[in-house]
$ cat my_file_16.cif   # mmCIF, C-alpha atoms
data_target
loop_
_atom_site.label_atom_id
_atom_site.label_comp_id
_atom_site.auth_asym_id
_atom_site.auth_seq_id
_atom_site.Cartn_x
_atom_site.Cartn_y
_atom_site.Cartn_z
CA MET L 221 13.49 19.18 -21.84
CA LYS L 222 11.39 22.22 -22.76
CA LEU L 223 7.64 21.79 -22.76
CA ILE L 224 6.18 22.89 -26.11
CA THR L 225 3.43 25.42 -25.46
CA THR L 226 3.14 27.34 -28.75
CA THR L 227 2.05 26.36 -32.23
CA LYS L 228 5.25 27.83 -33.67
CA ASP L 229 7.46 25.60 -31.53
CA LEU L 230 5.23 22.62 -32.28
CA GLU L 231 5.57 23.20 -36.02
CA ALA L 232 9.36 23.22 -35.69
CA ALA L 233 9.32 19.99 -33.68
CA CYS L 234 7.01 18.32 -36.18
CA ASP L 235 9.29 19.35 -39.04
CA ALA L 236 11.94 17.19 -37.35
CA LEU L 237 9.59 14.31 -36.49
CA VAL L 238 8.32 14.02 -40.05
CA GLN L 239 11.85 13.18 -41.19
CA CYS L 240 11.89 10.00 -39.09
CA ASP L 241 11.07 6.52 -40.33
CA PHE L 242 9.29 5.84 -37.05
CA ILE L 243 8.33 7.74 -33.92
CA ALA L 244 7.33 6.58 -30.47
CA VAL L 245 4.17 8.20 -29.10
CA ASP L 246 2.45 8.27 -25.72
CA THR L 247 -0.07 10.44 -23.91
CA GLU L 248 -0.94 11.37 -20.35
CA PHE L 249 -4.59 12.03 -19.59
CA ILE L 250 -7.19 12.03 -16.85
CA ARG L 251 -10.84 10.91 -17.09
CA GLU L 252 -12.02 10.21 -13.55
CA SER L 253 -14.70 12.92 -13.64
CA THR L 254 -15.40 13.14 -17.38
CA PHE L 255 -16.78 10.94 -20.14
CA TRP L 256 -14.12 11.96 -22.65
CA PRO L 257 -10.46 11.65 -21.62
CA GLN L 258 -8.84 15.02 -20.92
CA LEU L 259 -5.57 15.07 -22.83
CA CYS L 260 -2.88 16.59 -20.63
CA LEU L 261 0.41 15.77 -22.34
CA ILE L 262 1.72 14.29 -25.59
CA GLN L 263 5.16 12.69 -25.77
CA ALA L 264 6.97 11.79 -28.98
CA ALA L 265 10.47 10.63 -29.86
CA GLY L 266 12.17 9.73 -33.10
CA ASP L 267 15.84 9.55 -34.04
CA ASP L 268 17.41 12.45 -32.09
CA THR L 269 14.15 14.35 -31.61
CA GLU L 270 12.36 14.16 -28.26
CA VAL L 271 9.39 16.37 -27.47
CA LEU L 272 6.82 17.01 -24.78
CA ILE L 273 3.73 18.83 -26.05
CA ASP L 274 1.34 20.70 -23.78
CA PRO L 275 -2.19 20.39 -25.23
CA LEU L 276 -3.49 22.52 -22.34
CA ALA L 277 -1.39 25.53 -23.34
CA GLU L 278 -3.54 28.53 -24.27
CA GLY L 279 -3.86 29.01 -28.01
CA ILE L 280 -1.84 25.96 -29.08
CA ASP L 281 -3.01 24.25 -32.28
CA LEU L 282 -2.24 20.52 -32.35
CA GLU L 283 -2.88 20.21 -36.09
CA PRO L 284 0.85 19.97 -36.99
CA PHE L 285 1.19 16.92 -34.74
CA TYR L 286 -2.01 15.40 -36.07
CA ASP L 287 -0.50 15.71 -39.54
CA VAL L 288 2.50 13.69 -38.38
CA LEU L 289 0.21 11.01 -36.96
CA ALA L 290 -1.66 10.84 -40.27
CA ASP L 291 1.51 10.55 -42.38
CA ASP L 292 1.48 6.99 -43.72
CA ARG L 293 5.23 7.10 -44.38
CA ILE L 294 5.96 7.13 -40.65
CA MET L 295 5.46 4.14 -38.35
CA LYS L 296 3.86 5.24 -35.09
CA VAL L 297 4.97 3.08 -32.16
CA PHE L 298 2.78 2.83 -29.04
CA HIS L 299 2.44 0.54 -26.04
CA ALA L 300 -1.12 -0.70 -25.43
CA PRO L 301 -2.47 2.28 -27.39
CA ARG L 302 -6.22 1.80 -27.41
CA GLN L 303 -6.92 4.72 -25.07
CA ASP L 304 -4.32 6.92 -26.78
CA LEU L 305 -5.94 6.24 -30.15
CA GLU L 306 -9.40 6.89 -28.73
CA ILE L 307 -8.21 10.34 -27.63
CA PHE L 308 -6.89 11.25 -31.06
CA TYR L 309 -10.02 9.85 -32.72
CA HIS L 310 -12.21 12.08 -30.55
CA LEU L 311 -10.12 15.26 -30.62
CA ALA L 312 -9.03 15.18 -34.26
CA ASP L 313 -12.34 14.47 -35.96
CA GLY L 314 -11.93 10.74 -36.47
CA LEU L 315 -8.16 10.63 -36.95
CA ILE L 316 -6.64 7.20 -36.41
CA PRO L 317 -2.84 7.18 -36.67
CA ALA L 318 -1.53 4.69 -39.21
CA PRO L 319 0.53 2.68 -39.67
CA ILE L 320 0.97 1.74 -36.02
CA PHE L 321 2.93 -0.80 -33.99
CA ASP L 322 1.88 -1.96 -30.52
CA SER L 323 4.86 -3.06 -28.45
CA GLN L 324 2.59 -4.95 -26.04
CA VAL L 325 1.11 -7.10 -28.81
CA ALA L 326 4.59 -7.59 -30.27
CA ALA L 327 5.83 -8.79 -26.90
CA MET L 328 2.95 -11.26 -26.65
CA ALA L 329 3.73 -12.58 -30.12
CA LEU L 330 7.29 -13.17 -28.96
CA GLY L 331 6.29 -15.00 -25.78
CA LEU L 332 7.35 -12.21 -23.43
CA GLY L 333 4.17 -12.40 -21.37
CA ASP L 334 0.40 -11.85 -21.45
CA SER L 335 -0.35 -8.11 -21.72
CA ILE L 336 3.08 -7.30 -20.35
CA ALA L 337 3.39 -3.99 -18.51
CA TYR L 338 5.57 -1.31 -20.05
CA ASP L 339 8.11 -1.22 -17.21
CA LYS L 340 8.56 -4.98 -17.32
CA LEU L 341 9.07 -4.92 -21.08
CA VAL L 342 11.67 -2.17 -20.76
CA MET L 343 13.50 -4.22 -18.15
CA ALA L 344 13.32 -7.37 -20.28
CA LEU L 345 14.67 -5.73 -23.43
CA LEU L 346 16.77 -2.79 -22.25
CA LYS L 347 17.65 -3.81 -18.67
CA HIS L 348 16.58 -0.36 -17.53
CA PRO L 349 14.44 0.13 -14.39
CA ILE L 350 11.65 2.70 -14.53
CA ASP L 351 10.66 4.91 -11.62
CA LYS L 352 6.86 4.77 -11.62
CA GLY L 353 6.48 7.39 -8.88
CA SER L 354 4.92 9.95 -11.23
CA ARG L 355 2.50 7.55 -12.90
CA PHE L 356 -0.61 8.60 -10.98
CA THR L 357 0.16 12.29 -10.52
CA ASP L 358 -2.17 15.09 -11.60
CA TRP L 359 -1.13 15.60 -15.21
CA ALA L 360 -3.48 18.58 -15.60
CA ARG L 361 -1.63 20.65 -13.01
CA ARG L 362 0.92 23.17 -14.23
CA PRO L 363 3.81 23.58 -14.09
CA LEU L 364 4.91 19.97 -14.50
CA THR L 365 7.60 18.89 -12.10
CA PRO L 366 10.99 17.71 -13.37
CA ALA L 367 10.06 14.22 -12.15
CA GLN L 368 6.85 14.26 -14.20
CA SER L 369 8.65 15.48 -17.31
CA GLY L 370 11.40 12.89 -16.92
CA TYR L 371 8.94 10.08 -16.40
CA ALA L 372 6.81 11.12 -19.38
CA LEU L 373 9.77 11.50 -21.72
CA ALA L 374 11.23 8.13 -20.70
CA ASP L 375 8.00 6.49 -21.83
CA VAL L 376 8.80 7.32 -25.44
CA THR L 377 12.60 7.25 -25.45
CA HIS L 378 12.59 3.66 -24.17
CA LEU L 379 9.82 2.80 -26.62
CA ARG L 380 11.90 4.25 -29.44
CA ASP L 381 14.82 2.06 -28.40
CA MET L 382 12.72 -1.09 -28.05
CA TYR L 383 10.99 -0.89 -31.41
CA PRO L 384 13.93 -2.02 -33.59
CA ILE L 385 14.57 -4.92 -31.21
CA LEU L 386 10.97 -6.09 -31.31
CA ARG L 387 10.67 -5.58 -35.06
CA ASP L 388 13.84 -7.55 -35.79
CA ARG L 389 12.79 -10.42 -33.53
CA LEU L 390 9.37 -10.57 -35.14
CA GLU L 391 10.87 -10.61 -38.61
CA LYS L 392 13.27 -13.37 -37.62
CA ALA L 393 10.40 -15.41 -36.18
CA GLY L 394 8.16 -14.73 -39.18
CA ARG L 395 5.53 -13.07 -37.01
CA ILE L 396 5.31 -9.53 -38.33
CA SER L 397 2.02 -10.49 -39.99
CA TRP L 398 0.64 -11.62 -36.62
CA VAL L 399 1.08 -8.14 -35.20
CA ALA L 400 -0.30 -6.59 -38.39
CA GLU L 401 -3.57 -8.49 -37.91
CA GLU L 402 -3.98 -6.97 -34.46
CA MET L 403 -3.16 -3.49 -35.75
CA ALA L 404 -6.02 -3.80 -38.23
CA ILE L 405 -8.38 -3.93 -35.25
CA LEU L 406 -6.78 -0.90 -33.60
CA THR L 407 -7.00 1.17 -36.78
CA ASN L 408 -10.63 0.31 -37.46
CA PRO L 409 -12.91 3.31 -36.74
CA ASP L 410 -15.57 0.96 -35.39
CA THR L 411 -13.23 0.26 -32.46
CA TYR L 412 -13.66 3.84 -31.21
CA ALA L 413 -17.06 4.97 -32.48
CA GLN L 414 -19.46 5.21 -29.55
CA HIS L 415 -22.96 5.21 -30.99
CA PRO L 416 -25.67 5.71 -28.33
CA GLU L 417 -27.98 3.24 -30.05
CA ASN L 418 -25.41 0.50 -29.39
CA ALA L 419 -24.87 1.36 -25.73
CA TRP L 420 -27.20 -1.44 -24.59
CA GLN L 421 -24.55 -3.93 -25.70
CA ARG L 422 -22.50 -2.99 -22.62
CA LEU L 423 -25.23 -4.36 -20.37
CA LYS L 424 -26.36 -7.81 -19.35
CA VAL L 425 -29.61 -8.80 -21.05
CA ARG L 426 -31.82 -10.14 -18.27
CA LYS L 427 -35.10 -10.55 -20.15
CA ASN L 428 -36.07 -11.29 -23.73
CA SER L 429 -39.48 -9.62 -24.03
CA PRO L 430 -39.57 -7.00 -26.81
CA LYS L 431 -40.96 -4.30 -24.51
CA TRP L 432 -38.21 -4.77 -21.91
CA LEU L 433 -35.47 -4.96 -24.53
CA ALA L 434 -36.79 -1.86 -26.29
CA GLY L 435 -36.91 -0.01 -22.98
CA LEU L 436 -33.38 -1.04 -22.09
CA LYS L 437 -32.03 0.00 -25.49
CA ALA L 438 -33.73 3.39 -25.29
CA ALA L 439 -32.66 4.02 -21.68
CA ALA L 440 -29.06 3.06 -22.45
CA ALA L 441 -29.03 5.33 -25.51
CA TRP L 442 -30.39 8.19 -23.42
CA ARG L 443 -27.68 7.70 -20.78
CA GLU L 444 -24.97 7.56 -23.46
CA GLU L 445 -26.18 10.79 -25.05
CA GLU L 446 -26.35 12.52 -21.68
CA ALA L 447 -22.86 11.33 -20.72
CA GLN L 448 -21.29 12.38 -24.01
CA THR L 449 -23.06 15.72 -24.25
CA ARG L 450 -22.49 16.70 -20.63
CA ASP L 451 -19.05 15.03 -20.51
CA ILE L 452 -19.89 13.07 -17.37
CA PRO L 453 -19.11 9.38 -16.66
CA ARG L 454 -22.03 7.09 -17.47
CA GLN L 455 -22.43 5.87 -13.91
CA ARG L 456 -22.89 9.45 -12.68
CA ILE L 457 -25.91 9.83 -14.94
CA VAL L 458 -27.50 6.64 -13.66
CA LYS L 459 -26.01 3.30 -12.70
CA ASP L 460 -26.59 0.15 -14.73
CA GLU L 461 -29.16 -1.10 -12.22
CA GLY L 462 -31.10 2.08 -12.82
CA LEU L 463 -31.35 1.29 -16.53
CA TYR L 464 -32.84 -2.10 -15.71
CA GLU L 465 -35.35 -0.40 -13.41
CA ILE L 466 -36.31 2.08 -16.13
CA ALA L 467 -36.70 -0.72 -18.69
CA HIS L 468 -38.99 -2.58 -16.29
CA ALA L 469 -41.09 0.49 -15.50
CA ALA L 470 -41.42 1.50 -19.19
CA PRO L 471 -42.19 5.15 -18.34
CA THR L 472 -44.28 7.14 -20.81
CA LYS L 473 -44.46 10.43 -18.88
CA PRO L 474 -42.13 12.16 -16.39
CA GLU L 475 -44.39 11.36 -13.45
CA ASP L 476 -43.70 7.66 -14.04
CA LEU L 477 -40.09 8.27 -12.99
CA ALA L 478 -41.02 9.51 -9.53
CA GLY L 479 -40.13 7.18 -6.69
CA MET L 480 -37.61 5.07 -8.62
CA ARG L 481 -34.82 4.05 -6.26
CA ALA L 482 -32.14 4.49 -8.93
CA LEU L 483 -33.10 8.11 -9.64
CA PRO L 484 -32.61 11.13 -7.37
CA ARG L 485 -35.63 12.72 -5.74
CA GLY L 486 -37.22 15.27 -8.02
CA PHE L 487 -35.54 13.85 -11.13
CA GLU L 488 -38.91 13.63 -12.89
CA ARG L 489 -39.06 17.45 -13.02
CA SER L 490 -35.65 17.81 -14.71
CA ALA L 491 -34.66 18.39 -18.34
CA PRO L 492 -32.80 15.02 -18.48
CA ALA L 493 -36.04 13.32 -17.38
CA GLN L 494 -37.91 14.94 -20.24
CA ARG L 495 -35.21 13.80 -22.67
CA LEU L 496 -35.47 10.28 -21.29
CA ILE L 497 -39.23 10.18 -21.86
CA GLU L 498 -38.72 11.49 -25.40
CA LYS L 499 -36.18 8.73 -26.04
CA MET L 500 -38.48 6.06 -24.60
CA ALA L 501 -41.54 7.12 -26.62
CA PRO L 502 -40.70 5.56 -30.03
CA ALA L 503 -39.29 2.46 -28.34
CA LEU L 504 -42.47 1.80 -26.37
CA ALA L 505 -44.72 2.74 -29.29
CA ASP L 506 -43.41 -0.20 -31.33
CA PRO L 507 -41.27 -2.46 -29.12
CA LYS L 508 -40.91 -5.25 -31.66
CA ALA L 509 -39.45 -2.89 -34.26
CA TYR L 510 -37.19 -1.04 -31.82
CA ALA L 511 -35.96 -3.91 -29.66
CA PRO L 512 -32.49 -5.24 -30.50
CA ASP L 513 -32.19 -8.72 -31.92
CA VAL L 514 -30.68 -10.78 -29.14
CA PRO L 515 -30.28 -14.38 -30.29
CA PRO L 516 -30.47 -17.01 -27.57
CA PRO L 517 -27.14 -18.41 -26.49
CA PRO L 518 -26.19 -21.49 -28.50
CA ARG L 519 -26.97 -24.80 -26.86
CA ARG L 520 -23.80 -26.34 -25.59
CA PRO L 521 -23.46 -29.98 -26.59
CA GLU L 522 -23.24 -32.65 -23.95
CA GLY L 523 -19.71 -32.81 -22.62
CA ALA L 524 -18.86 -29.24 -23.76
CA SER L 525 -17.43 -28.35 -20.36
CA ALA L 526 -14.97 -31.23 -20.56
CA ILE L 527 -14.02 -30.18 -24.09
CA VAL L 528 -13.29 -26.65 -22.87
CA GLU L 529 -11.01 -27.98 -20.16
CA LEU L 530 -9.12 -30.08 -22.71
CA LEU L 531 -8.83 -27.08 -25.02
CA LYS L 532 -7.33 -25.05 -22.17
CA VAL L 533 -4.61 -27.67 -21.77
CA LEU L 534 -4.02 -27.73 -25.52
CA LEU L 535 -3.83 -23.93 -25.63
CA LYS L 536 -1.20 -23.88 -22.91
CA LEU L 537 0.77 -26.59 -24.71
CA VAL L 538 0.61 -24.84 -28.09
CA ALA L 539 1.51 -21.45 -26.58
CA GLU L 540 4.57 -22.89 -24.88
CA GLU L 541 5.70 -24.70 -28.01
CA ALA L 542 5.22 -21.61 -30.19
CA ASP L 543 6.66 -19.30 -27.51
CA VAL L 544 3.72 -16.93 -27.72
CA ALA L 545 1.39 -15.59 -25.04
CA SER L 546 -1.68 -17.84 -24.83
CA ARG L 547 -3.92 -14.80 -24.42
CA LEU L 548 -2.94 -13.60 -27.88
CA ILE L 549 -4.04 -16.91 -29.39
CA ALA L 550 -7.40 -17.43 -27.68
CA ASN L 551 -9.44 -16.66 -24.59
CA VAL L 552 -11.96 -18.72 -22.66
CA ALA L 553 -14.86 -17.35 -24.71
CA ASP L 554 -13.12 -18.60 -27.86
CA LEU L 555 -12.67 -22.04 -26.36
CA GLU L 556 -16.30 -22.22 -25.29
CA ALA L 557 -17.41 -21.21 -28.79
CA ILE L 558 -15.18 -23.84 -30.41
CA ALA L 559 -16.52 -26.47 -28.03
CA THR L 560 -20.03 -25.58 -29.23
CA SER L 561 -19.41 -25.13 -32.96
CA ASP L 562 -16.72 -26.06 -35.48
CA THR L 563 -17.52 -22.89 -37.41
CA ALA L 564 -17.59 -20.47 -34.50
CA ASP L 565 -16.87 -16.89 -35.56
CA VAL L 566 -13.88 -16.36 -33.27
CA PRO L 567 -10.32 -15.16 -33.94
CA ALA L 568 -8.91 -18.52 -32.86
CA LEU L 569 -10.37 -20.09 -36.01
CA ARG L 570 -9.02 -17.44 -38.38
CA GLY L 571 -5.65 -16.47 -39.85
CA TRP L 572 -2.45 -17.37 -38.10
CA ARG L 573 -4.31 -18.42 -34.96
CA ARG L 574 -6.07 -21.20 -36.85
CA GLU L 575 -2.71 -22.45 -38.13
CA VAL L 576 -1.11 -22.34 -34.70
CA PHE L 577 -4.06 -23.53 -32.59
CA GLY L 578 -7.45 -23.69 -34.28
CA GLU L 579 -6.88 -26.75 -36.46
CA ALA L 580 -5.41 -28.66 -33.53
CA ALA L 581 -8.33 -27.57 -31.34
CA LEU L 582 -10.86 -29.00 -33.80
CA ALA L 583 -8.83 -32.18 -34.17
CA LEU L 584 -8.76 -32.61 -30.39
CA LYS L 585 -12.49 -31.96 -30.17
CA HIS L 586 -13.19 -34.74 -32.68
CA GLY L 587 -10.78 -37.26 -31.21
CA LYS L 588 -8.21 -37.06 -33.98
CA ILE L 589 -5.46 -36.10 -31.55
CA GLY L 590 -5.09 -36.82 -27.86
CA LEU L 591 -3.22 -35.34 -24.93
CA VAL L 592 -0.90 -37.73 -23.15
CA LEU L 593 1.82 -37.57 -20.54
CA GLU L 594 5.36 -38.36 -21.64
CA ASN L 595 8.14 -38.01 -19.11
CA GLY L 596 5.96 -35.82 -16.94
CA LYS L 597 5.05 -33.48 -19.81
CA VAL L 598 1.77 -33.13 -21.70
CA VAL L 599 2.15 -33.71 -25.43
CA GLY L 600 -0.28 -33.99 -28.31
CA LYS L 601 -0.50 -37.30 -30.18
CA ARG L 602 -2.36 -38.02 -33.40
CA LEU L 603 -4.70 -40.95 -32.87
#
$ encode --input "my_file_16.cif" --output "structure tokens"
Amino acid sequence: MKLITTTKDLEAACDALVQCDFIAVDTEFIRESTFWPQLCLIQAAGDDTEVLIDPLAEGIDLEPFYDVLADDRIMKVFHAPRQDLEIFYHLADGLIPAPIFDSQVAAMALGLGDSIAYDKLVMALLKHPIDKGSRFTDWARRPLTPAQSGYALADVTHLRDMYPILRDRLEKAGRISWVAEEMAILTNPDTYAQHPENAWQRLKVRKNSPKWLAGLKAAAAWREEEAQTRDIPRQRIVKDEGLYEIAHAAPTKPEDLAGMRALPRGFERSAPAQRLIEKMAPALADPKAYAPDVPPPPRRPEGASAIVELLKVLLKLVAEEADVASRLIANVADLEAIATSDTADVPALRGWRREVFGEAALALKHGKIGLVLENGKVVGKRL
């Protein structure tokens, strides 16, 4: 398989791909030392066309492939694509491929396992073992070895072969719409937009005073801007504990940063320190206006813990009966929210999940159904 390294060859390959009803897509990237993933390889396969694209090749323009991804006549098939889609969103000015199909979500909807790994799904559907020896190699190094190329290409050729199987099973089970709901999340730009002012949401809120919250929000936004602009992982700018220390100190001038354990010696004399103080200034000038609105956690009713445990049993029962991965239906946070409120804003109480589980969960919570043992098996009984 020839590695595509020129725009001319890429245009020819894309002319073939655009004729397909669906294409399988995957990427190889590294991001250990950067904020943004470094795209190292793009793989695509459709019908009889199989390509490996080198985004690191000098002078190559990926626009022809981006056009294929944006073509709404072509289904783009991925496996657990969130990071792949994040890459395209960042590199192609907000491009989100659509329509898309996630084989991992499809497998969960068919009861093939919770977040099943790609190699296990290939074995389950195609009975084909995958050599994972090249999985953690340096994809930025050139030339690629034959083993790397073979491994990368197999990722999409197997995916291409699995898609019709998964699609047909979903249609037969009446669950295509289930997968479509999940794809709506993956194709929502808000899933990938990384706004510095929202970076505080990644952190644990330890205090509720406006001044501390404002300081934390500003410090987190500063770190996010530094990480994105300098293309450095967040934790290399300053660790999370350092943000808490900055929020507590509420610095108003660079000298206030001196001596902080989370910051390197001499940091107060640096340009990033000056930018941090500039970011903190409006937050500390009016903390109540700048601080994020963090509502207190809802009070859990008496006996909520027992309700959650019962809901876990019900979830397992429903998942087994429906032959669907329980993780796709609900998680522990959903169950805790349902135990607290009948109108909790969680996926488990919306759409197909409510039909499969949510209504039964509320009925169990209010004693309208019970869980009993029959012949050594837990079953639900209407009371």
$ atom_distance --input "my_file_16.cif" --atom1 "atom CA of L:Phe298" --atom2 "atom CA of L:Asp322"
5.1 Å
$ atom_distance --input "my_file_16.cif" --atom1 "atom CA of L:Ser253" --atom2 "atom CA of L:Ala419"
19.6 Å
$ residues_around --input "my_file_16.cif" --residues "L:Lys437" --least-positions-apart "3" --cutoff "12 Å" --atoms "all atoms listed in the file" --output "MDAnalysis selection string"
chainID L and resid 415:425 430:434 440:444 463:464 466:468 470 496 499:504 507 509:514
$ write_last_selection --input "my_file_16.cif" --atoms "C-alpha atoms" --output "PDB file, in the coordinates of the input"
ATOM      1  CA  HIS L 415     -22.960   5.210 -30.990  1.00  0.00           C
ATOM      2  CA  PRO L 416     -25.670   5.710 -28.330  1.00  0.00           C
ATOM      3  CA  GLU L 417     -27.980   3.240 -30.050  1.00  0.00           C
ATOM      4  CA  ASN L 418     -25.410   0.500 -29.390  1.00  0.00           C
ATOM      5  CA  ALA L 419     -24.870   1.360 -25.730  1.00  0.00           C
ATOM      6  CA  TRP L 420     -27.200  -1.440 -24.590  1.00  0.00           C
ATOM      7  CA  GLN L 421     -24.550  -3.930 -25.700  1.00  0.00           C
ATOM      8  CA  ARG L 422     -22.500  -2.990 -22.620  1.00  0.00           C
ATOM      9  CA  LEU L 423     -25.230  -4.360 -20.370  1.00  0.00           C
ATOM     10  CA  LYS L 424     -26.360  -7.810 -19.350  1.00  0.00           C
ATOM     11  CA  VAL L 425     -29.610  -8.800 -21.050  1.00  0.00           C
ATOM     12  CA  PRO L 430     -39.570  -7.000 -26.810  1.00  0.00           C
ATOM     13  CA  LYS L 431     -40.960  -4.300 -24.510  1.00  0.00           C
ATOM     14  CA  TRP L 432     -38.210  -4.770 -21.910  1.00  0.00           C
ATOM     15  CA  LEU L 433     -35.470  -4.960 -24.530  1.00  0.00           C
ATOM     16  CA  ALA L 434     -36.790  -1.860 -26.290  1.00  0.00           C
ATOM     17  CA  ALA L 440     -29.060   3.060 -22.450  1.00  0.00           C
ATOM     18  CA  ALA L 441     -29.030   5.330 -25.510  1.00  0.00           C
ATOM     19  CA  TRP L 442     -30.390   8.190 -23.420  1.00  0.00           C
ATOM     20  CA  ARG L 443     -27.680   7.700 -20.780  1.00  0.00           C
ATOM     21  CA  GLU L 444     -24.970   7.560 -23.460  1.00  0.00           C
ATOM     22  CA  LEU L 463     -31.350   1.290 -16.530  1.00  0.00           C
ATOM     23  CA  TYR L 464     -32.840  -2.100 -15.710  1.00  0.00           C
ATOM     24  CA  ILE L 466     -36.310   2.080 -16.130  1.00  0.00           C
ATOM     25  CA  ALA L 467     -36.700  -0.720 -18.690  1.00  0.00           C
ATOM     26  CA  HIS L 468     -38.990  -2.580 -16.290  1.00  0.00           C
ATOM     27  CA  ALA L 470     -41.420   1.500 -19.190  1.00  0.00           C
ATOM     28  CA  LEU L 496     -35.470  10.280 -21.290  1.00  0.00           C
ATOM     29  CA  LYS L 499     -36.180   8.730 -26.040  1.00  0.00           C
ATOM     30  CA  MET L 500     -38.480   6.060 -24.600  1.00  0.00           C
ATOM     31  CA  ALA L 501     -41.540   7.120 -26.620  1.00  0.00           C
ATOM     32  CA  PRO L 502     -40.700   5.560 -30.030  1.00  0.00           C
ATOM     33  CA  ALA L 503     -39.290   2.460 -28.340  1.00  0.00           C
ATOM     34  CA  LEU L 504     -42.470   1.800 -26.370  1.00  0.00           C
ATOM     35  CA  PRO L 507     -41.270  -2.460 -29.120  1.00  0.00           C
ATOM     36  CA  ALA L 509     -39.450  -2.890 -34.260  1.00  0.00           C
ATOM     37  CA  TYR L 510     -37.190  -1.040 -31.820  1.00  0.00           C
ATOM     38  CA  ALA L 511     -35.960  -3.910 -29.660  1.00  0.00           C
ATOM     39  CA  PRO L 512     -32.490  -5.240 -30.500  1.00  0.00           C
ATOM     40  CA  ASP L 513     -32.190  -8.720 -31.920  1.00  0.00           C
ATOM     41  CA  VAL L 514     -30.680 -10.780 -29.140  1.00  0.00           C
TER      42      VAL L 514
END
$ closest_residue --input "my_file_16.cif" --among "L:Gly333, L:Gly370, L:Gly596, L:Pro301" --to "L:Pro317" --atoms "only C-alpha atoms"
L:Pro301
$ atom_distance --input "my_file_16.cif" --atom1 "atom CA of L:Thr560" --atom2 "atom CA of L:Gly523"
9.8 Å
$ closest_residue --input "my_file_16.cif" --among "L:Ile316, L:Leu276, L:Met295, L:Leu305" --to "L:Leu364" --atoms "all atoms listed in the file"
L:Leu276
$ resolve_selection --input "my_file_16.cif" --expression "the PyMOL selection byres ((chain L and resi 545) around 8)" --output "VMD selection string"
chain L and resid 328 to 334 539 to 540 543 to 544 546 to 549
$ resolve_selection --input "my_file_16.cif" --expression "the PyMOL selection byres ((chain L and resi 290) around 9)" --output "PyMOL selection string"
chain L and resi 285-289+291-294+315-319
$ resolve_selection --input "my_file_16.cif" --expression "the PyMOL selection byres ((chain L and resi 352) around 12)" --output "JSON, numbers by chain"
{"L": [337, 338, 339, 340, 349, 350, 351, 353, 354, 355, 356, 357, 367, 368, 370, 371, 372, 374, 375]}
$ residues_around --input "my_file_16.cif" --residues "L:Pro474" --least-positions-apart "6" --cutoff "10 Å" --atoms "all atoms listed in the file" --output "PyMOL selection string"
chain L and resi 487-498
$ residues_near_point --input "my_file_16.cif" --point "(-4.6, 9.5, -18.0)" --cutoff "8 Å" --atoms "only C-alpha atoms" --output "list of chain:residue names"
L:Thr247, L:Glu248, L:Phe249, L:Ile250, L:Arg251, L:Pro257, L:Gln258, L:Leu259, L:Cys260, L:Trp359
$ closest_residue --input "my_file_16.cif" --among "L:Glu541, L:Asp460, L:Asp274, L:Glu306" --to "L:Arg361" --atoms "all atoms listed in the file"
L:Asp274
$ residues_around --input "my_file_16.cif" --residues "L:Asp241" --least-positions-apart "2" --cutoff "10 Å" --atoms "all atoms listed in the file" --output "list in words"
Leu237, Val238, Gln239, Ile243, Gly266, Asp267, Arg293, Ile294, Met295 and Lys296 of chain L
$ closest_residue --input "my_file_16.cif" --among "L:Arg519, L:Ala312, L:Val297, L:Lys588" --to "L:Cys240" --atoms "only C-alpha atoms"
L:Val297
$ closest_residue --input "my_file_16.cif" --among "L:Met382, L:Leu311, L:Ala300, L:Ala526" --to "L:Val325" --atoms "only C-alpha atoms"
L:Ala300
$ residues_around --input "my_file_16.cif" --residues "L:Ala233" --least-positions-apart "5" --cutoff "9 Å" --atoms "only C-alpha atoms" --output "PyMOL selection string"
chain L and resi 224+228+238+269-271+285
$ closest_residue --input "my_file_16.cif" --among "L:Ser429, L:Ser525, L:Gln324, L:Thr472" --to "L:Leu341" --atoms "only C-alpha atoms"
L:Gln324
$ axis_aligned_box --input "my_file_16.cif" --around "stretch 230-243 of chain L" --padding-each-side "6 Å" --output "AutoDock Vina command-line options"
--center_x 8.6 --center_y 14.5 --center_z -36.7 --size_x 18.7 --size_y 29.4 --size_z 20.9
$ residues_around --input "my_file_16.cif" --residues "L:Ile527" --least-positions-apart "4" --cutoff "9 Å" --atoms "all atoms listed in the file" --output "list in words"
Gly523, Leu531, Lys532, Leu555, Glu556, Ala559, Leu584 and Lys585 of chain L
